[in-house]
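A.B. asks: Sharing input35.csv, CSV, C-alpha atoms:
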chain,number,residue,atom,x,y,z
A,1,VAL,CA,0.0,0.0,0.0
A,2,THR,CA,1.7,3.2,-1.2
A,3,SER,CA,1.0,6.8,-0.1
A,4,ALA,CA,3.2,9.9,-0.2
A,5,GLY,CA,6.6,8.9,1.0
A,6,ARG,CA,5.4,5.7,2.6
A,7,VAL,CA,4.9,2.1,1.7
A,8,ALA,CA,3.2,-0.5,4.0
A,9,LEU,CA,4.0,-4.1,3.2
A,10,LEU,CA,2.8,-7.5,4.4
A,11,ASP,CA,4.6,-10.7,3.6
A,12,LEU,CA,1.8,-13.2,2.9
A,13,ALA,CA,4.3,-16.0,3.2
A,14,ARG,CA,4.4,-15.1,6.9
A,15,PRO,CA,0.8,-14.0,7.6
A,16,ALA,CA,1.3,-13.8,11.4
A,17,ALA,CA,4.2,-11.4,11.1
A,18,PRO,CA,3.6,-7.7,11.5
A,19,ALA,CA,3.3,-5.4,8.5
A,20,GLN,CA,6.4,-3.4,7.7
A,21,VAL,CA,6.3,0.4,7.0
A,22,LEU,CA,8.9,2.0,4.9
A,23,GLU,CA,9.3,5.8,4.9
A,24,GLY,CA,11.4,8.4,3.1
A,25,PRO,CA,14.4,6.9,1.3
A,26,ALA,CA,13.4,3.4,2.2
A,27,ALA,CA,10.0,3.9,0.4
A,28,ALA,CA,11.9,5.4,-2.6
A,29,ILE,CA,14.1,2.3,-2.8
A,30,TRP,CA,11.1,0.0,-2.6
A,31,GLY,CA,9.4,2.1,-5.3
A,32,ALA,CA,12.5,1.6,-7.5
A,33,LEU,CA,12.1,-2.2,-7.3
A,34,ASP,CA,10.3,-3.3,-10.4
A,35,GLY,CA,11.4,-6.9,-10.5
A,36,THR,CA,13.8,-6.3,-13.4
A,37,ARG,CA,16.3,-3.6,-12.3
A,38,ALA,CA,19.8,-4.5,-11.3
A,39,THR,CA,21.1,-3.1,-8.0
A,40,ALA,CA,23.2,-0.5,-10.0
A,41,ASP,CA,20.1,0.7,-11.7
A,42,ILE,CA,18.2,0.9,-8.4
A,43,VAL,CA,21.1,3.0,-7.0
A,44,ALA,CA,20.9,5.3,-10.0
A,45,VAL,CA,17.1,5.7,-9.7
A,46,VAL,CA,17.2,6.5,-6.0
A,47,ALA,CA,20.2,8.9,-6.4
A,48,GLY,CA,18.3,10.7,-9.2
A,49,GLU,CA,15.2,11.0,-7.0
A,50,PHE,CA,17.2,12.8,-4.2
A,51,GLY,CA,19.5,14.7,-6.6
A,52,LEU,CA,22.6,13.0,-5.3
A,53,ALA,CA,25.5,11.2,-7.0
A,54,PRO,CA,25.1,7.3,-7.1
A,55,ASP,CA,28.2,6.9,-4.9
A,56,ALA,CA,26.6,8.9,-2.2
A,57,VAL,CA,23.6,6.5,-1.8
A,58,ARG,CA,25.2,3.2,-3.0
A,59,ALA,CA,26.1,1.9,0.5
A,60,ASP,CA,22.7,2.8,2.0
A,61,VAL,CA,20.8,1.2,-0.9
A,62,GLU,CA,22.8,-2.0,-0.9
A,63,GLY,CA,22.5,-2.3,2.8
A,64,PHE,CA,18.8,-1.7,2.7
A,65,LEU,CA,18.3,-4.3,-0.1
A,66,ALA,CA,20.2,-6.8,2.1
A,67,SER,CA,17.9,-6.1,5.0
A,68,LEU,CA,14.9,-6.6,2.8
A,69,ALA,CA,16.3,-9.9,1.6
A,70,GLU,CA,17.0,-11.0,5.2
A,71,ARG,CA,13.3,-10.4,6.0
A,72,GLY,CA,12.2,-12.3,2.9
A,73,LEU,CA,10.7,-9.2,1.3
A,74,VAL,CA,12.8,-9.4,-1.9
A,75,GLU,CA,14.8,-12.1,-3.6
A,76,ALA,CA,17.9,-11.6,-5.8
A,77,SER,CA,17.5,-13.0,-9.2
B,1,VAL,CA,17.9,3.6,5.6
B,2,THR,CA,16.0,1.0,7.6
B,3,VAL,CA,12.8,-1.1,7.5
B,4,SER,CA,10.8,0.6,10.2
B,5,GLY,CA,8.6,-2.4,11.0
B,6,ALA,CA,6.6,-2.1,14.2
B,7,ALA,CA,8.3,1.2,15.2
B,8,VAL,CA,6.2,3.2,12.8
B,9,ARG,CA,2.4,3.0,13.4
B,10,LEU,CA,0.4,1.5,10.6
B,11,ARG,CA,-2.3,3.9,9.4
B,12,HIS,CA,-5.9,2.7,9.1
B,13,GLU,CA,-5.9,3.5,5.4
B,14,GLU,CA,-2.9,1.2,5.0
B,15,ALA,CA,-4.1,-1.5,7.3
B,16,GLY,CA,-7.5,-1.9,5.6
B,17,PRO,CA,-6.2,-3.1,2.2
B,18,LEU,CA,-3.4,-5.2,3.7
B,19,VAL,CA,-5.9,-7.0,6.0
B,20,HIS,CA,-8.3,-7.6,3.1
B,21,ALA,CA,-5.3,-9.2,1.3
B,22,LEU,CA,-4.5,-11.3,4.4
B,23,VAL,CA,-8.0,-12.6,4.8
B,24,ALA,CA,-8.2,-13.5,1.1
B,25,HIS,CA,-4.9,-15.3,1.4
B,26,VAL,CA,-5.9,-17.3,4.5
B,27,ALA,CA,-9.3,-18.1,3.1
B,28,GLU,CA,-7.9,-19.3,-0.2
B,29,GLY,CA,-5.4,-21.5,1.6
B,30,LEU,CA,-8.4,-23.2,3.3
B,31,GLY,CA,-10.5,-23.4,0.1
B,32,ILE,CA,-13.0,-20.9,1.6
B,33,ARG,CA,-14.9,-18.4,-0.6
B,34,THR,CA,-14.9,-14.8,0.8
B,35,LEU,CA,-16.3,-11.5,-0.5
B,36,ALA,CA,-14.8,-8.1,0.5
B,37,ILE,CA,-17.8,-5.9,1.3
B,38,LYS,CA,-18.0,-2.2,2.2
B,39,GLY,CA,-14.6,-0.5,2.9
B,40,PRO,CA,-12.0,0.2,0.3
B,41,ALA,CA,-13.6,-2.1,-2.4
B,42,VAL,CA,-16.6,0.2,-2.4
B,43,ALA,CA,-14.5,3.3,-3.0
B,44,LEU,CA,-12.6,1.5,-5.8
B,45,GLN,CA,-15.9,0.7,-7.5
B,46,GLY,CA,-16.8,4.4,-7.3
B,47,LEU,CA,-19.7,3.9,-4.9
B,48,ARG,CA,-18.4,6.1,-2.2
B,49,ALA,CA,-15.6,8.5,-1.5
B,50,PRO,CA,-12.4,6.9,-0.2
B,51,ARG,CA,-12.1,7.0,3.6
B,52,ALA,CA,-10.4,4.9,6.2
B,53,SER,CA,-12.5,2.3,8.1
B,54,ALA,CA,-12.0,0.9,11.6
B,55,ASP,CA,-12.9,-2.6,10.5
B,56,VAL,CA,-12.4,-4.8,7.5
B,57,ASP,CA,-15.7,-6.3,6.4
B,58,VAL,CA,-15.8,-9.7,4.8
B,59,LEU,CA,-18.8,-11.9,3.9
B,60,VAL,CA,-18.4,-15.6,4.2
B,61,HIS,CA,-20.8,-18.5,3.6
B,62,PRO,CA,-22.3,-19.4,7.1
B,63,SER,CA,-21.0,-23.0,6.8
B,64,ASP,CA,-17.5,-21.7,6.4
B,65,LEU,CA,-17.5,-19.2,9.3
B,66,ASP,CA,-16.0,-21.4,12.0
B,67,ALA,CA,-13.2,-22.7,9.7
B,68,LEU,CA,-12.2,-19.2,8.6
B,69,VAL,CA,-12.2,-17.9,12.2
B,70,ALA,CA,-10.0,-20.9,13.1
B,71,GLY,CA,-7.7,-20.0,10.2
B,72,LEU,CA,-7.4,-16.4,11.3
B,73,ARG,CA,-6.8,-17.4,14.9
B,74,ALA,CA,-3.9,-19.5,13.6
B,75,VAL,CA,-2.2,-16.4,12.3
B,76,GLY,CA,-2.7,-14.3,15.4
B,77,TRP,CA,-6.3,-12.9,15.4
B,78,ARG,CA,-8.7,-13.4,18.3
B,79,PRO,CA,-12.4,-12.9,18.8
B,80,SER,CA,-12.9,-9.4,20.2
B,81,VAL,CA,-15.3,-9.5,23.1
B,82,THR,CA,-18.1,-11.6,24.5
B,83,LEU,CA,-21.2,-9.3,24.1
B,84,THR,CA,-23.6,-9.1,27.0
B,85,THR,CA,-26.0,-6.9,25.0
B,86,PRO,CA,-29.4,-8.4,23.8
B,87,ALA,CA,-30.0,-8.8,20.1
B,88,VAL,CA,-33.2,-8.9,18.0
B,89,MET,CA,-31.7,-10.5,15.0
B,90,PRO,CA,-29.0,-13.1,15.2
B,91,ARG,CA,-25.5,-11.6,15.5
B,92,HIS,CA,-24.5,-11.1,11.9
B,93,SER,CA,-20.7,-10.9,12.3
B,94,GLU,CA,-17.7,-12.1,14.3
B,95,ASN,CA,-15.3,-9.3,15.2
B,96,LEU,CA,-11.6,-10.3,15.3
B,97,LEU,CA,-8.7,-8.3,16.7
B,98,ASN,CA,-5.0,-8.5,16.6
B,99,ASP,CA,-2.7,-6.3,18.6
B,100,LEU,CA,-0.4,-5.9,15.6
B,101,TRP,CA,-3.1,-4.2,13.6
B,102,PRO,CA,-5.0,-1.0,14.1
B,103,VAL,CA,-8.2,-2.4,12.4
B,104,GLY,CA,-10.4,-5.3,13.3
B,105,ILE,CA,-12.0,-7.9,11.0
B,106,ASP,CA,-15.8,-8.2,10.8
B,107,LEU,CA,-16.6,-11.6,9.4
B,108,HIS,CA,-20.2,-11.4,8.3
B,109,HIS,CA,-22.0,-14.7,7.9
B,110,TYR,CA,-25.2,-13.0,6.8
B,111,PHE,CA,-26.1,-9.4,6.0
B,112,PRO,CA,-29.3,-7.9,7.6
B,113,GLY,CA,-31.9,-6.9,5.1
B,114,PHE,CA,-31.4,-9.9,2.8
B,115,LEU,CA,-34.4,-11.9,4.0
B,116,ALA,CA,-33.6,-15.1,2.1
B,117,PRO,CA,-31.5,-17.8,3.9
B,118,PRO,CA,-27.9,-16.6,4.4
B,119,GLY,CA,-26.3,-19.4,2.4
B,120,GLU,CA,-28.5,-18.7,-0.6
B,121,VAL,CA,-27.7,-15.0,-0.3
B,122,PHE,CA,-24.0,-15.7,-0.3
B,123,ASP,CA,-24.2,-17.9,-3.3
B,124,ALA,CA,-26.2,-15.3,-5.2
B,125,LEU,CA,-23.6,-12.6,-4.4
B,126,TRP,CA,-20.7,-15.0,-5.2
B,127,GLU,CA,-22.1,-15.8,-8.6
B,128,ARG,CA,-21.6,-12.1,-9.5
B,129,HIS,CA,-18.3,-11.6,-7.7
B,130,VAL,CA,-15.3,-9.8,-9.1
B,131,ALA,CA,-11.6,-9.3,-8.1
B,132,VAL,CA,-10.5,-6.0,-6.8
B,133,PHE,CA,-6.9,-5.1,-6.4
B,134,LEU,CA,-6.1,-4.3,-2.8
B,135,ALA,CA,-2.5,-4.1,-1.6
B,136,GLY,CA,-1.3,-5.3,-5.0
B,137,ARG,CA,-3.3,-8.6,-4.8
B,138,PRO,CA,-6.6,-9.7,-6.3
B,139,VAL,CA,-9.2,-9.9,-3.6
B,140,PRO,CA,-12.7,-11.4,-4.3
B,141,ALA,CA,-15.4,-8.8,-3.7
B,142,CYS,CA,-19.0,-8.2,-4.5
B,143,ASP,CA,-19.5,-6.7,-7.9
B,144,PRO,CA,-20.9,-3.2,-8.1
B,145,VAL,CA,-24.5,-4.6,-8.3
B,146,GLY,CA,-24.1,-6.7,-5.2
B,147,MET,CA,-22.0,-4.1,-3.4
B,148,SER,CA,-24.5,-1.3,-4.0
B,149,ALA,CA,-27.2,-3.6,-2.5
B,150,ILE,CA,-25.1,-4.3,0.6
B,151,VAL,CA,-24.1,-0.7,1.2
B,152,ALA,CA,-27.7,0.4,0.6
B,153,LEU,CA,-29.0,-2.1,3.2
B,154,HIS,CA,-26.4,-0.9,5.6
B,155,LEU,CA,-27.6,2.7,5.2
B,156,LEU,CA,-31.3,1.8,5.2
B,157,ARG,CA,-30.9,0.2,8.6
B,158,ASP,CA,-30.6,3.7,10.1
B,159,ASP,CA,-32.5,5.5,7.4
B,160,PRO,CA,-35.5,3.3,6.5
B,161,GLU,CA,-37.2,5.9,4.3
B,162,GLY,CA,-34.0,6.4,2.4
B,163,THR,CA,-34.2,10.2,2.7
B,164,GLY,CA,-30.8,10.8,4.2
B,165,PRO,CA,-27.8,12.3,2.5
B,166,ARG,CA,-25.7,9.2,2.6
B,167,LEU,CA,-28.3,7.1,0.7
B,168,ALA,CA,-28.7,10.0,-1.7
B,169,ASP,CA,-24.9,10.0,-2.3
B,170,LEU,CA,-24.9,6.3,-2.9
B,171,ALA,CA,-27.8,6.4,-5.3
B,172,ALA,CA,-26.2,9.3,-7.2
B,173,ARG,CA,-22.9,7.3,-7.5
B,174,ALA,CA,-24.7,4.0,-8.3
B,175,SER,CA,-26.7,5.7,-11.0
B,176,SER,CA,-23.5,6.6,-12.8
B,177,VAL,CA,-21.7,3.3,-12.1
B,178,LEU,CA,-24.6,1.0,-12.9
B,179,SER,CA,-25.9,0.6,-16.5
B,180,PRO,CA,-29.6,0.0,-17.1
B,181,ALA,CA,-28.8,-3.7,-17.4
B,182,ASP,CA,-27.0,-3.5,-14.1
B,183,VAL,CA,-30.1,-1.9,-12.5
B,184,ALA,CA,-32.2,-4.8,-13.9
B,185,ALA,CA,-29.6,-7.2,-12.4
B,186,LEU,CA,-29.9,-5.4,-9.1
B,187,VAL,CA,-33.7,-5.9,-9.1
B,188,SER,CA,-33.1,-9.6,-10.0
B,189,LEU,CA,-30.6,-10.0,-7.2
B,190,ALA,CA,-33.0,-8.3,-4.8
B,191,GLU,CA,-35.8,-10.7,-5.8
B,192,ARG,CA,-33.5,-13.8,-5.4
B,193,THR,CA,-32.3,-12.7,-2.0
B,194,ASP,CA,-35.7,-11.5,-0.8
B,195,ALA,CA,-34.5,-7.9,-0.5
B,196,VAL,CA,-36.9,-6.1,-2.8
B,197,ALA,CA,-39.0,-4.8,0.1
B,198,THR,CA,-36.0,-3.8,2.2
B,199,LEU,CA,-34.1,-2.2,-0.6
B,200,ARG,CA,-37.2,-0.5,-2.2
B,201,PRO,CA,-36.2,3.2,-1.5
B,202,PHE,CA,-32.8,2.5,-3.1
B,203,LEU,CA,-34.1,0.5,-6.0
B,204,LEU,CA,-36.5,3.4,-6.8
B,205,ALA,CA,-33.7,5.9,-6.5
B,206,VAL,CA,-31.6,4.2,-9.1
B,207,GLY,CA,-34.5,4.0,-11.6
B,208,ALA,CA,-36.1,0.6,-11.0
B,209,ASP,CA,-39.7,0.3,-12.2
B,210,PRO,CA,-42.0,0.5,-9.2
B,211,ALA,CA,-44.4,-1.9,-10.9
B,212,GLY,CA,-41.8,-4.6,-10.9
B,213,LEU,CA,-41.1,-4.4,-7.2
B,214,GLY,CA,-43.1,-7.1,-5.4
B,215,PRO,CA,-43.6,-7.8,-1.7
B,216,ALA,CA,-41.3,-9.8,0.6
B,217,ARG,CA,-41.5,-13.5,0.4
B,218,ASP,CA,-40.9,-13.8,4.1
B,219,PRO,CA,-43.3,-11.3,5.8
B,220,GLU,CA,-42.3,-12.3,9.3
B,221,ALA,CA,-38.6,-11.5,8.5
B,222,LEU,CA,-39.7,-8.3,6.9
B,223,ALA,CA,-41.7,-7.3,10.0
B,224,LEU,CA,-38.7,-8.0,12.2
B,225,TRP,CA,-36.5,-5.9,9.9
B,226,GLU,CA,-39.0,-3.0,10.0
B,227,ARG,CA,-39.2,-3.0,13.8
B,228,ARG,CA,-35.4,-3.1,14.0
B,229,VAL,CA,-35.0,-0.1,11.6
B,230,ARG,CA,-37.9,1.8,13.3
B,231,PHE,CA,-36.5,1.5,16.8
B,232,GLY,CA,-32.8,1.2,16.1
B,233,GLY,CA,-30.6,0.0,18.9
B,234,SER,CA,-33.5,0.7,21.4
B,235,LEU,CA,-35.5,-2.4,20.3
B,236,PRO,CA,-33.2,-5.1,21.7
B,237,TRP,CA,-33.1,-3.4,25.0
B,238,ALA,CA,-36.9,-2.8,25.0
B,239,LEU,CA,-37.6,-6.4,24.2
B,240,HIS,CA,-35.1,-7.4,27.0
B,241,LEU,CA,-36.8,-5.1,29.5
B,242,ALA,CA,-40.3,-6.3,28.4
B,243,GLY,CA,-39.3,-9.8,29.4
B,244,THR,CA,-37.7,-8.8,32.7
B,245,PRO,CA,-39.6,-8.3,35.9
B,246,ALA,CA,-39.9,-4.6,36.7
B,247,ARG,CA,-38.0,-4.9,39.9
B,248,HIS,CA,-34.9,-5.9,37.9
B,249,TRP,CA,-35.2,-2.9,35.5
B,250,PRO,CA,-32.8,-0.6,37.4
B,251,ARG,CA,-30.1,-3.2,37.2
B,252,ALA,CA,-30.9,-3.9,33.5
B,253,VAL,CA,-30.9,-0.2,32.6
B,254,TRP,CA,-27.6,0.3,34.6
B,255,HIS,CA,-26.0,-2.6,32.6
B,256,ALA,CA,-27.3,-1.1,29.3
B,257,LEU,CA,-25.6,2.1,30.2
B,258,MET,CA,-22.3,0.7,31.5
B,259,LEU,CA,-21.7,-2.5,29.6
B,260,THR,CA,-18.4,-4.2,30.2
B,261,ASP,CA,-15.1,-2.4,29.6
B,262,ASP,CA,-14.3,-4.5,26.6
B,263,GLU,CA,-17.7,-3.9,25.1
B,264,ILE,CA,-17.4,-0.2,25.5
B,265,TYR,CA,-14.0,-0.2,23.7
B,266,ALA,CA,-15.3,-2.5,20.9
B,267,MET,CA,-18.5,-0.4,20.5
B,268,HIS,CA,-16.4,2.7,19.9
B,269,HIS,CA,-13.8,0.9,17.7
B,270,VAL,CA,-11.1,1.9,20.1
B,271,ALA,CA,-8.3,-0.4,21.3
B,272,PRO,CA,-8.3,-1.0,25.1
B,273,GLY,CA,-6.4,1.8,26.8
B,274,GLU,CA,-6.5,4.1,23.8
B,275,ALA,CA,-9.3,6.3,25.2
B,276,SER,CA,-10.8,7.1,28.6
B,277,LEU,CA,-13.5,4.7,29.6
B,278,THR,CA,-15.3,7.5,31.5
B,279,ARG,CA,-15.4,9.6,28.3
B,280,LEU,CA,-16.6,6.7,26.2
B,281,ARG,CA,-19.3,5.9,28.8
B,282,LEU,CA,-20.4,9.5,28.9
B,283,ARG,CA,-20.7,9.5,25.2
B,284,ARG,CA,-22.9,6.4,25.5
B,285,MET,CA,-25.1,8.1,28.1
B,286,ARG,CA,-25.6,11.1,25.9
B,287,ARG,CA,-26.8,8.8,23.1
B,288,PHE,CA,-29.0,7.0,25.6
B,289,VAL,CA,-30.7,10.3,26.6
B,290,ARG,CA,-31.2,11.3,22.9
B,291,GLY,CA,-32.7,7.9,22.1
B,292,LEU,CA,-35.0,7.8,25.2
B,293,PRO,CA,-38.2,8.8,23.4
B,294,ARG,CA,-37.7,6.0,20.8
B,295,ALA,CA,-36.7,3.6,23.5
B,296,VAL,CA,-40.0,4.4,25.4
B,297,GLU,CA,-42.0,3.9,22.3
B,298,ALA,CA,-40.2,0.6,21.6
B,299,LEU,CA,-40.8,-0.6,25.1
B,300,ALA,CA,-44.5,0.2,24.9
B,301,GLU,CA,-44.7,-1.7,21.6
B,302,ALA,CA,-42.7,-4.6,23.0
B,303,ARG,CA,-45.1,-4.9,26.0
B,304,ARG,CA,-48.2,-4.7,23.7
B,305,HIS,CA,-47.0,-7.4,21.4
B,306,GLY,CA,-44.9,-9.5,23.7
B,307,ARG,CA,-41.2,-10.3,23.2
B,308,GLY,CA,-40.0,-10.9,19.6
Can you dump the structure from the file as structure tokens?
C.D. replies:
Amino acid sequence: VTSAGRVALLDLARPAAPAQVLEGPAAAIWGALDGTRATADIVAVVAGEFGLAPDAVRADVEGFLASLAERGLVEAS
Amino acid sequence: VTVSGAAVRLRHEEAGPLVHALVAHVAEGLGIRTLAIKGPAVALQGLRAPRASADVDVLVHPSDLDALVAGLRAVGWRPSVTLTTPAVMPRHSENLLNDLWPVGIDLHHYFPGFLAPPGEVFDALWERHVAVFLAGRPVPACDPVGMSAIVALHLLRDDPEGTGPRLADLAARASSVLSPADVAALVSLAERTDAVATLRPFLLAVGADPAGLGPARDPEALALWERRVRFGGSLPWALHLAGTPARHWPRAVWHALMLTDDEIYAMHHVAPGEASLTRLRLRRMRRFVRGLPRAVEALAEARRHGRG
């Protein structure tokens, strides 16, 4: 469920788990996930959204994607 | 950058679609048919303006209710409260709560106003069902024809003549959403579910031919519905008092005002501890005073005609 600057998520594979709320940059990263983009492309999209150089956001984006993967919310393909 | 998880409070308008998706997921896993009713599905179909709801409303075949409640209990939901309030018609829904969610689930096993047997009503609505996308997932829901009937019956419970602004708004929206063929289908659905008489003001408002609107097939059920809508929440208490020795009335009235703490919270759609019990009870007392004339009338009628 997406609203301005926020995304609320539920992992239906774990229906007893609480919903997750992403705000600000986290929501922007989630919004950049379209199922086809490579990590470098996601970094570029998020950097563009905040008017920053890719290198300035790369570590945060990669770390966040790793935390999403740990929670089973995304899978690397 | 972090996943906020439970640290950030989920908003009602976020929780509603997610819980609809959750219920549909659990029901499908159990092979149970469910229909999203009221709530965000209605707004998506253009039958009302979007707004957040305190509960997620789902209709289920009565024979599947217990299995679905068990399935939802298995993923952390629990029945809300044991009601001590009297009822005229059988309870039409089970309310489930979960401390992780700011909204409850109302599982309806029948919908008041459809006078036909609940299982037949569900099957009639299911035959017309559609998928709406909630939280990125297809969720089975009543189609606009069935949904408009349900929302209209919900409104007509408190506005039996259908003269209020909410029914007018629904009728205006339905008139633009429903084609002439849909209106004919609405009348057919009302006939099949024995809701022509109860839906009559709405059917007329969306252009149904009055000559084609017959009487109720179950006049006793219609009479009960008409008493319920005429006297509102006063009727169950009036019938209860009519069947109670007068010496016990003070205690019965006191209980009607106070209820249990859990009931007071549930009645106001407030999580325990989120609001002052005193303030909620004062609000109930103000409503009681406003409804007193209707309650006295209901009690007089209940004593004339006996209970039920």
A.B. asks: Which residues are close to B:Gly31, i.e. within 12 Å by only C-alpha atoms, leaving aside same-chain residues fewer than 4 positions away? Reply as a ChimeraX atom specification.
C.D. replies: /B:24-27,60-61,64,67-68,71
A.B. asks: Those same residues - C-alpha atoms - I'd like them written as a compact mmCIF listing (two decimals), in the coordinates of the input.
C.D. replies:
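File written: out-v3.txt
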# COMPACT_ATOMS: atom_id res chain seq x y z
CA ALA B 24 -8.20 -13.50 1.10
CA HIS B 25 -4.90 -15.30 1.40
CA VAL B 26 -5.90 -17.30 4.50
CA ALA B 27 -9.30 -18.10 3.10
CA VAL B 60 -18.40 -15.60 4.20
CA HIS B 61 -20.80 -18.50 3.60
CA ASP B 64 -17.50 -21.70 6.40
CA ALA B 67 -13.20 -22.70 9.70
CA LEU B 68 -12.20 -19.20 8.60
CA GLY B 71 -7.70 -20.00 10.20
A.B. asks: Taking only C-alpha atoms into account, find every residue of chain A that has an atom no more than 12 Å from chain B, and write it out as an MDAnalysis selection string.
C.D. replies: chainID A and resid 1:4 6:30 46 57:71 73
A.B. asks: Calculate how many Å separate atom CA of B:Pro215 from atom CA of B:Glu191, rounding to one decimal.
C.D. replies: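 One can read the atom CA of B:Pro215 to atom CA of B:Glu191 distance as 9.3 Å.
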A.B. asks: Compile the contact shell of B:Ala205 as a list of chain:residue names: residues with an atom at most 9 Å away, counting all atoms listed in the file, same-chain residues fewer than 4 positions apart removed.
C.D. replies: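 Returned residues: B:Gly162, B:Ala168, B:Ala171, B:Ala172, B:Ser175, B:Arg200, B:Pro201.
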A.B. asks: Work out how far atom CA of B:Ala43 is from atom CA of B:Leu170, in Å to one decimal.
C.D. replies: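 Rounded to one decimal, the two atoms are 10.8 Å apart.
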A.B. asks: Could you state the separation of atom CA of A:Gly48 and atom CA of A:Ala76 in Å, given to one decimal place?
C.D. replies: 22.6 Å
A.B. asks: With a distance cut-off of 10 Å and all atoms listed in the file, select the neighbouring residues of B:Arg281, excluding the residue or stretch itself and same-chain residues fewer than 6 positions from it, and output the selection as a PyMOL selection string.
C.D. replies: chain B and resi 257-259+261+264-265+268+287
A.B. asks: Print the selection's residues with C-alpha atoms to a file, as a compact mmCIF listing (two decimals), in the frame of the given file.
C.D. replies:
# COMPACT_ATOMS: atom_id res chain seq x y z
CA LEU B 257 -25.60 2.10 30.20
CA MET B 258 -22.30 0.70 31.50
CA LEU B 259 -21.70 -2.50 29.60
CA ASP B 261 -15.10 -2.40 29.60
CA ILE B 264 -17.40 -0.20 25.50
CA TYR B 265 -14.00 -0.20 23.70
CA HIS B 268 -16.40 2.70 19.90
CA ARG B 287 -26.80 8.80 23.10
A.B. asks: Go through B:Val145, B:Leu107, B:Leu213, B:Ala116 one by one, measure the shortest atom-to-atom distance of each to B:Thr34 using all atoms listed in the file, and give the residue with the smallest value.
C.D. replies: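 Using all atoms listed in the file, B:Thr34 sits closest to B:Leu107.
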A.B. asks: Residues at most 7 Å from B:Asn95, counting all atoms listed in the file, excluding those fewer than 2 positions away in the same chain, as a PyMOL selection string?
C.D. replies: chain B and resi 79-80+93+97+104-107
A.B. asks: Starting from the point (-25.9, -8.2, -2.4), work out which residues of protein, DNA or RNA have an atom no more than 10 Å away when counting all atoms listed in the file; state them as an MDAnalysis selection string.
C.D. replies: chainID B and resid 37 111 113:114 121:126 128:129 142:153 186 189:190 192:193 195
A.B. asks: Which neighbours of B:Leu115 fall inside 8 Å, counting all atoms listed in the file, when residues of the same chain fewer than 2 positions from it are skipped, and could you give them as a list in words?
C.D. replies: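 Skipping anything fewer than 2 positions along the chain leaves Pro112, Gly113, Pro117, Thr193, Asp194, Ala195, Ala216, Asp218, Ala221 and Leu222 of chain B.
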A.B. asks: Could you turn the residues from that selection into a file that holds C-alpha atoms, as a PDB file, in the coordinates of the input?
C.D. replies:
ATOM      1  CA  PRO B 112     -29.300  -7.900   7.600  1.00  0.00           C
ATOM      2  CA  GLY B 113     -31.900  -6.900   5.100  1.00  0.00           C
ATOM      3  CA  PRO B 117     -31.500 -17.800   3.900  1.00  0.00           C
ATOM      4  CA  THR B 193     -32.300 -12.700  -2.000  1.00  0.00           C
ATOM      5  CA  ASP B 194     -35.700 -11.500  -0.800  1.00  0.00           C
ATOM      6  CA  ALA B 195     -34.500  -7.900  -0.500  1.00  0.00           C
ATOM      7  CA  ALA B 216     -41.300  -9.800   0.600  1.00  0.00           C
ATOM      8  CA  ASP B 218     -40.900 -13.800   4.100  1.00  0.00           C
ATOM      9  CA  ALA B 221     -38.600 -11.500   8.500  1.00  0.00           C
ATOM     10  CA  LEU B 222     -39.700  -8.300   6.900  1.00  0.00           C
TER      11      LEU B 222
END
A.B. asks: Give the padded box for stretch 187-203 of chain B as JSON: axis-aligned, covering all atoms listed in the file, 8 Å on each side, centre and edge lengths in Å to one decimal.
C.D. replies:
{"center_x": -34.8, "center_y": -5.3, "center_z": -3.9, "size_x": 24.4, "size_y": 33.0, "size_z": 28.2}
